[in-house]
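Enquirer: The following file, upload01.pdb, comprises PDB, C-alpha atoms:
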MODEL        1
ATOM      1  CA  MET U   1       0.000   0.000   0.000
ATOM      2  CA  ARG U   2       2.801   2.358   0.917
ATOM      3  CA  SER U   3       4.452   1.944  -2.468
ATOM      4  CA  ARG U   4       1.123   2.631  -4.198
ATOM      5  CA  VAL U   5       0.727   5.831  -2.184
ATOM      6  CA  LEU U   6       4.279   6.873  -3.075
ATOM      7  CA  ARG U   7       3.568   6.145  -6.721
ATOM      8  CA  ASP U   8       0.441   8.290  -6.550
ATOM      9  CA  MET U   9       2.432  11.111  -4.948
ATOM     10  CA  ARG U  10       4.938  10.890  -7.805
ATOM     11  CA  ASN U  11       2.114  10.951 -10.356
ATOM     12  CA  ARG U  12       0.582  14.027  -8.769
ATOM     13  CA  ALA U  13       3.907  15.858  -8.737
ATOM     14  CA  SER U  14       4.554  15.077 -12.398
ATOM     15  CA  VAL U  15       1.025  16.149 -13.369
ATOM     16  CA  ALA U  16       1.584  19.480 -11.640
ATOM     17  CA  ASN U  17       4.996  19.924 -13.275
ATOM     18  CA  ASN U  18       3.882  19.087 -16.818
ATOM     19  CA  GLU U  19       0.415  20.603 -16.788
ATOM     20  CA  LEU U  20       1.312  23.754 -18.742
ATOM     21  CA  THR U  21       3.156  21.831 -21.464
ATOM     22  CA  ARG U  22       0.251  19.455 -21.814
ATOM     23  CA  GLN U  23      -2.236  22.307 -21.999
ATOM     24  CA  ALA U  24      -0.184  24.076 -24.681
ATOM     25  CA  TYR U  25      -0.018  20.945 -26.830
ATOM     26  CA  ARG U  26      -3.719  20.356 -26.328
ATOM     27  CA  TYR U  27      -4.496  23.928 -27.384
ATOM     28  CA  ILE U  28      -2.465  23.601 -30.586
ATOM     29  CA  THR U  29      -4.066  20.267 -31.370
ATOM     30  CA  ARG U  30      -7.611  21.532 -30.884
ATOM     31  CA  ASN U  31      -7.064  24.805 -32.763
ATOM     32  CA  GLU U  32      -8.418  24.311 -36.283
ATOM     33  CA  THR U  33      -7.088  27.666 -37.509
ATOM     34  CA  LEU U  34      -3.489  26.392 -37.290
ATOM     35  CA  PRO U  35      -1.864  24.399 -40.128
ATOM     36  CA  ALA U  36      -2.591  20.679 -40.083
ATOM     37  CA  ARG U  37       1.087  19.798 -39.895
ATOM     38  CA  THR U  38       1.601  21.810 -36.701
ATOM     39  CA  ARG U  39      -1.480  20.308 -35.133
ATOM     40  CA  HIS U  40      -0.343  16.797 -35.997
ATOM     41  CA  GLN U  41       3.107  17.437 -34.547
ATOM     42  CA  ALA U  42       1.517  18.718 -31.327
ATOM     43  CA  GLN U  43      -0.644  15.592 -31.141
ATOM     44  CA  LEU U  44       2.422  13.383 -31.598
ATOM     45  CA  ALA U  45       4.270  15.299 -28.872
ATOM     46  CA  LEU U  46       1.254  14.846 -26.605
ATOM     47  CA  ASN U  47       1.215  11.124 -27.290
ATOM     48  CA  ALA U  48       4.929  10.900 -26.555
ATOM     49  CA  MET U  49       4.457  12.371 -23.082
ATOM     50  CA  SER U  50       4.550   9.949 -20.171
ATOM     51  CA  ASN U  51       1.256   8.549 -18.878
ATOM     52  CA  GLU U  52       2.294   9.834 -15.465
ATOM     53  CA  THR U  53       1.715  13.399 -16.626
ATOM     54  CA  ALA U  54      -1.979  12.742 -17.368
ATOM     55  CA  ALA U  55      -4.381  13.900 -14.671
ATOM     56  CA  VAL U  56      -6.567  10.818 -15.185
ATOM     57  CA  HIS U  57      -3.678   8.732 -13.873
ATOM     58  CA  VAL U  58      -4.100  10.219 -10.411
ATOM     59  CA  LYS U  59      -6.123   8.184  -7.901
ATOM     60  CA  ASN U  60      -7.538   9.436  -4.618
ATOM     61  CA  ARG U  61      -6.285   7.152  -1.869
ATOM     62  CA  CYS U  62      -7.106   6.847   1.825
ATOM     63  CA  LEU U  63      -4.767   8.947   3.989
ATOM     64  CA  GLU U  64      -4.783   6.358   6.783
ATOM     65  CA  THR U  65      -4.570   3.045   4.945
ATOM     66  CA  GLY U  66      -3.756   3.905   1.319
ATOM     67  CA  ARG U  67      -6.846   2.033   0.114
ATOM     68  CA  ALA U  68      -7.910   3.151  -3.367
ATOM     69  CA  ARG U  69     -11.553   2.076  -3.287
ATOM     70  CA  GLY U  70     -14.433   3.482  -1.309
ATOM     71  CA  VAL U  71     -12.585   6.699  -0.483
ATOM     72  CA  PHE U  72     -14.696   9.701   0.542
ATOM     73  CA  ARG U  73     -13.395  12.699  -1.341
ATOM     74  CA  ASP U  74     -14.328  15.202   1.369
ATOM     75  CA  PHE U  75     -12.534  13.349   4.147
ATOM     76  CA  ARG U  76      -9.837  11.615   2.046
ATOM     77  CA  LEU U  77     -10.529   8.466   4.046
ATOM     78  CA  CYS U  78     -11.795   5.043   3.043
ATOM     79  CA  ARG U  79     -15.243   4.099   4.279
ATOM     80  CA  PHE U  80     -14.057   2.024   7.248
ATOM     81  CA  GLN U  81     -11.516   4.581   8.485
ATOM     82  CA  PHE U  82     -14.214   7.222   8.047
ATOM     83  CA  ARG U  83     -16.551   5.192  10.260
ATOM     84  CA  LEU U  84     -13.902   4.598  12.917
ATOM     85  CA  LYS U  85     -12.915   8.250  13.075
ATOM     86  CA  ALA U  86     -16.485   9.501  12.957
ATOM     87  CA  LEU U  87     -17.548   7.237  15.813
ATOM     88  CA  ASN U  88     -14.449   8.337  17.714
ATOM     89  CA  GLY U  89     -15.455  11.991  17.272
ATOM     90  CA  GLU U  90     -12.335  12.888  15.286
ATOM     91  CA  LEU U  91     -14.255  14.338  12.333
ATOM     92  CA  PRO U  92     -15.778  17.723  13.215
ATOM     93  CA  GLY U  93     -19.431  18.039  12.269
ATOM     94  CA  VAL U  94     -19.942  14.353  11.486
ATOM     95  CA  LYS U  95     -22.623  12.667  13.541
ATOM     96  CA  LYS U  96     -24.235   9.246  13.366
ATOM     97  CA  ALA U  97     -27.751   9.577  12.022
ATOM     98  CA  SER U  98     -30.576   8.228  14.148
ATOM     99  CA  TRP U  99     -34.289   8.876  13.845
TER     100      TRP U  99
ATOM    101  CA  MET I   1     -42.518  55.695 -43.140
ATOM    102  CA  ALA I   2     -41.149  52.176 -42.330
ATOM    103  CA  GLN I   3     -37.396  51.970 -41.864
ATOM    104  CA  ALA I   4     -35.469  49.329 -43.860
ATOM    105  CA  ASN I   5     -33.774  46.506 -41.900
ATOM    106  CA  PRO I   6     -30.003  46.983 -41.421
ATOM    107  CA  SER I   7     -27.845  45.082 -43.870
ATOM    108  CA  ALA I   8     -25.954  41.877 -42.928
ATOM    109  CA  SER I   9     -22.558  43.602 -43.042
ATOM    110  CA  ARG I  10     -23.872  46.312 -40.736
ATOM    111  CA  LEU I  11     -25.112  43.664 -38.266
ATOM    112  CA  ALA I  12     -21.699  41.980 -38.422
ATOM    113  CA  GLN I  13     -20.069  45.301 -37.586
ATOM    114  CA  LEU I  14     -22.367  45.617 -34.604
ATOM    115  CA  ALA I  15     -21.498  42.104 -33.404
ATOM    116  CA  LYS I  16     -17.817  42.861 -33.706
ATOM    117  CA  LEU I  17     -18.163  46.079 -31.749
ATOM    118  CA  THR I  18     -20.169  44.268 -29.050
ATOM    119  CA  CYS I  19     -17.394  41.693 -28.720
ATOM    120  CA  THR I  20     -14.705  44.351 -28.315
ATOM    121  CA  LEU I  21     -16.821  46.150 -25.699
ATOM    122  CA  PHE I  22     -17.508  43.052 -23.602
ATOM    123  CA  HIS I  23     -14.116  41.397 -24.137
ATOM    124  CA  ASN I  24     -15.508  38.449 -26.082
ATOM    125  CA  VAL I  25     -13.804  36.719 -28.987
ATOM    126  CA  TYR I  26     -15.361  37.628 -32.351
ATOM    127  CA  ASN I  27     -15.784  34.307 -34.114
ATOM    128  CA  PRO I  28     -18.627  34.562 -36.670
ATOM    129  CA  THR I  29     -17.793  31.270 -38.444
ATOM    130  CA  HIS I  30     -17.711  29.314 -35.154
ATOM    131  CA  ALA I  31     -14.261  27.987 -35.963
ATOM    132  CA  ARG I  32     -12.767  25.698 -33.312
ATOM    133  CA  THR I  33      -9.917  27.725 -31.861
ATOM    134  CA  GLY I  34      -9.155  25.501 -28.884
ATOM    135  CA  ASN I  35      -9.825  28.335 -26.480
ATOM    136  CA  LYS I  36     -11.809  26.043 -24.247
ATOM    137  CA  VAL I  37      -8.559  24.273 -23.384
ATOM    138  CA  LEU I  38      -7.050  27.537 -22.168
ATOM    139  CA  ARG I  39     -10.222  28.520 -20.310
ATOM    140  CA  ARG I  40      -9.833  25.592 -17.885
ATOM    141  CA  ARG I  41      -8.172  26.455 -14.593
ATOM    142  CA  LEU I  42      -4.968  24.596 -13.712
ATOM    143  CA  ILE I  43      -5.644  21.643 -11.397
ATOM    144  CA  GLY I  44      -2.013  20.673 -10.741
ATOM    145  CA  PRO I  45      -1.567  22.515  -7.415
ATOM    146  CA  THR I  46      -4.850  21.071  -6.096
ATOM    147  CA  LEU I  47      -3.868  17.540  -7.092
ATOM    148  CA  ALA I  48      -0.360  17.899  -5.679
ATOM    149  CA  SER I  49      -1.637  19.033  -2.279
ATOM    150  CA  TYR I  50      -3.875  15.983  -1.715
ATOM    151  CA  TYR I  51      -1.555  14.246   0.740
ATOM    152  CA  PRO I  52      -0.626  16.271   3.843
ATOM    153  CA  GLN I  53       2.907  17.612   3.813
ATOM    154  CA  THR I  54       5.412  15.453   5.663
ATOM    155  CA  THR I  55       5.600  16.424   9.293
ATOM    156  CA  LEU I  56       8.625  16.152  11.556
ATOM    157  CA  LYS I  57       9.544  12.517  12.131
ATOM    158  CA  PHE I  58      10.925  11.029  15.306
ATOM    159  CA  ARG I  59      14.043   9.807  13.523
ATOM    160  CA  GLN I  60      14.825  13.375  12.368
ATOM    161  CA  VAL I  61      14.559  14.674  15.965
ATOM    162  CA  GLN I  62      16.773  11.811  17.118
ATOM    163  CA  ALA I  63      19.420  12.705  14.508
ATOM    164  CA  ALA I  64      19.209  16.427  15.285
ATOM    165  CA  PHE I  65      19.738  15.992  19.058
ATOM    166  CA  PRO I  66      22.015  12.980  19.638
ATOM    167  CA  ASP I  67      22.960  14.306  23.103
ATOM    168  CA  LEU I  68      19.445  13.762  24.470
ATOM    169  CA  GLY I  69      19.760   9.985  24.024
ATOM    170  CA  LEU I  70      16.203   9.594  22.736
ATOM    171  CA  VAL I  71      15.051   6.003  22.203
ATOM    172  CA  ASP I  72      12.438   4.953  19.645
ATOM    173  CA  LEU I  73      10.417   2.511  21.752
ATOM    174  CA  ASP I  74       8.678   0.880  18.775
ATOM    175  CA  GLU I  75      11.993   0.264  17.012
ATOM    176  CA  LYS I  76      13.559  -1.087  20.235
ATOM    177  CA  GLU I  77      10.595  -3.433  20.710
ATOM    178  CA  ARG I  78      11.013  -4.698  17.123
ATOM    179  CA  LEU I  79      14.740  -5.403  17.552
ATOM    180  CA  ASP I  80      14.132  -7.090  20.931
ATOM    181  CA  GLU I  81      11.499  -9.329  19.379
ATOM    182  CA  ILE I  82      13.930 -10.337  16.603
ATOM    183  CA  SER I  83      16.659 -11.212  19.090
ATOM    184  CA  ARG I  84      14.155 -13.172  21.208
ATOM    185  CA  ARG I  85      13.041 -15.175  18.157
ATOM    186  CA  LYS I  86      16.669 -15.835  17.164
ATOM    187  CA  ARG I  87      17.416 -17.198  20.634
ATOM    188  CA  ARG I  88      14.502 -19.630  20.297
ATOM    189  CA  GLY I  89      15.793 -20.645  16.849
ATOM    190  CA  LYS I  90      12.775 -19.040  15.109
ATOM    191  CA  GLY I  91      14.635 -16.223  13.365
ATOM    192  CA  ALA I  92      14.596 -15.433   9.645
ATOM    193  CA  PRO I  93      16.947 -17.638   7.556
ATOM    194  CA  LYS I  94      20.227 -16.226   6.302
ATOM    195  CA  LYS I  95      20.463 -14.896   2.769
ATOM    196  CA  GLY I  96      22.046 -17.228   0.199
ATOM    197  CA  LYS I  97      21.395 -19.583  -2.671
ATOM    198  CA  TRP I  98      21.119 -22.672  -0.425
ATOM    199  CA  ILE I  99      17.726 -23.618   0.923
ATOM    200  CA  ARG I 100      17.639 -25.642   4.157
ATOM    201  CA  PHE I 101      14.322 -27.449   4.508
ATOM    202  CA  SER I 102      13.745 -29.839   7.477
ATOM    203  CA  GLY I 103      17.357 -30.951   7.628
ATOM    204  CA  VAL I 104      17.800 -31.517   3.871
ATOM    205  CA  VAL I 105      19.816 -29.048   1.816
ATOM    206  CA  PHE I 106      18.819 -28.145  -1.737
ATOM    207  CA  LEU I 107      20.396 -25.900  -4.312
ATOM    208  CA  THR I 108      17.795 -23.415  -5.511
ATOM    209  CA  GLY I 109      19.078 -23.572  -9.094
ATOM    210  CA  LEU I 110      17.907 -27.199  -9.368
ATOM    211  CA  PHE I 111      14.299 -26.137  -8.775
ATOM    212  CA  ARG I 112      14.474 -23.449 -11.395
ATOM    213  CA  SER I 113      15.869 -25.743 -14.107
ATOM    214  CA  ARG I 114      12.930 -28.171 -13.853
TER     215      ARG I 114
ENDMDL
END
What is this structure when it is put down as C-alpha cells?
Expert:
Amino acid sequence: MRSRVLRDMRNRASVANNELTRQAYRYITRNETLPARTRHQAQLALNAMSNETAAVHVKNRCLETGRARGVFRDFRLCRFQFRLKALNGELPGVKKASW
Amino acid sequence: MAQANPSASRLAQLAKLTCTLFHNVYNPTHARTGNKVLRRRLIGPTLASYYPQTTLKFRQVQAAFPDLGLVDLDEKERLDEISRRKRRGKGAPKKGKWIRFSGVVFLTGLFRSR
C-alpha cells in the first residue's frame, strides 16, 4: 500500500509539473485555424508524453490506509476509516444519524 | 414611413463592436480555436496538495539531538522481538542460494531448471 501511495504522490507531482506543457499541446491540437502539420506534430508530442503526466492517472487514496476504493473525497478516508474516526469523534461536524 | 432593416454587413459590424466592448472573442464562423482548453483552470496545485505535507519525524529529531539519548520505543521493541526469536531458533533464515528445509539441503538452481 505504501508503495502505491508513493507512486500516486509521484504521479501528482509530475502532473503538476507538466500541466502547462500538456495544456499548450492540447491547445495547438484543438485549434483548427493552425496548419494541419503543426497540429499533428503537437498531437504526436502529446502522445509521446509519459502517462504519469496525465491527470486521469491520479487516484484518490485513503490517507490512513492507502486504500484506493471506497474513499470519501471530502474526508480523504476510506469508508471504514471514516466510520472509525467519525464514531471516535475525530471528524468535526460528522454525527451518526438516528431517527 | 417604415425603416429598412439593417444590412448583414452592418449587423456583423455591430457584433464585432459588441465583442470588443464586452471582451468576447469575435468568431462569426464558429471555428474551433481551442480556447476552451485555455479557459480551464490549472488543477495541478490542487492535485499535488492531496496528501498532507510530511511532518517532523521522530528519527529526524533523534538525529538532530544525539545528546538527548532519545530512544524509539517501537523500534527497540522490534529489535528485541527479533533477538528473542533468534534465541529460540525461530529467526529469519540467512540470505544465500542454499535452501535448508527440514534438515535436507537443496540448491535453488535445481528447482528453477525443472
Enquirer: Specify as a PyMOL selection string each residue included when the PyMOL selection byres ((chain I) within 12 of (chain U)) is applied to this file.
Expert: chain I and resi 27+29-54
Enquirer: Would you kindly return, as number ranges by chain, each protein, DNA or RNA residue with an atom no farther than 12 Å from any atom of Val71 (chain I), considering only C-alpha atoms and excluding same-chain residues fewer than 4 positions away?
Expert: I: 58-59, 61-63, 65-67, 75-77
Enquirer: What is the CA of Tyr26 (chain I)-CA of Thr38 (chain U) distance in Å, reported with one decimal?
Expert: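 That distance, rounded to one decimal, is 23.6 Å.
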Enquirer: For Arg2 (chain U), list every protein, DNA or RNA residue within 10 Å, evaluated using all atoms listed in the file, and leave out those in the same chain fewer than 5 positions away; present the list as a list of chain:residue names.
Expert: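 Near Arg2 (chain U), the qualifying residues are U:Arg7, U:Asp8, U:Thr65, U:Gly66, U:Arg67.
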Enquirer: State, in Å with one decimal place, the distance from CA of Met49 (chain U) to CA of Arg22 (chain U).
Expert: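 These atoms are spaced 8.3 Å apart.
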Enquirer: Compare U:Arg37, U:Phe75, U:Ser3, U:Leu46 by their minimum atom-to-atom distance to Leu91 (chain U), counting all atoms listed in the file, and give me the closest one.
Expert: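 Result for the nearest residue to Leu91 (chain U): U:Phe75.
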Enquirer: One decimal, Å: what's the distance from CA of Val94 (chain U) over to CA of Phe82 (chain U), could you say?
Expert: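 CA of Phe82 (chain U) lies at a distance of 9.8 Å from CA of Val94 (chain U).
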Enquirer: Might I get the box with edges along x, y and z of the file that holds all atoms of region 26-39 of chain I listed there, padded by 8 Å on every side, given as centre and edge lengths in Å to one decimal, as AutoDock Vina command-line options?
Expert:
--center_x -12.8 --center_y 31.0 --center_z -29.4 --size_x 27.6 --size_y 29.4 --size_z 34.1
Enquirer: Quick one: residues within 10 Å of Lys95 (chain U), all atoms listed in the file, excluding same-chain residues fewer than 6 positions away - as a compact mmCIF listing (two decimals) with C-alpha atoms, in the coordinates of the input?
Expert:
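The result, written out as around32.txt:
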# COMPACT_ATOMS: atom_id res chain seq x y z
CA ALA U 86 -16.48 9.50 12.96
CA LEU U 87 -17.55 7.24 15.81
CA GLY U 89 -15.46 11.99 17.27
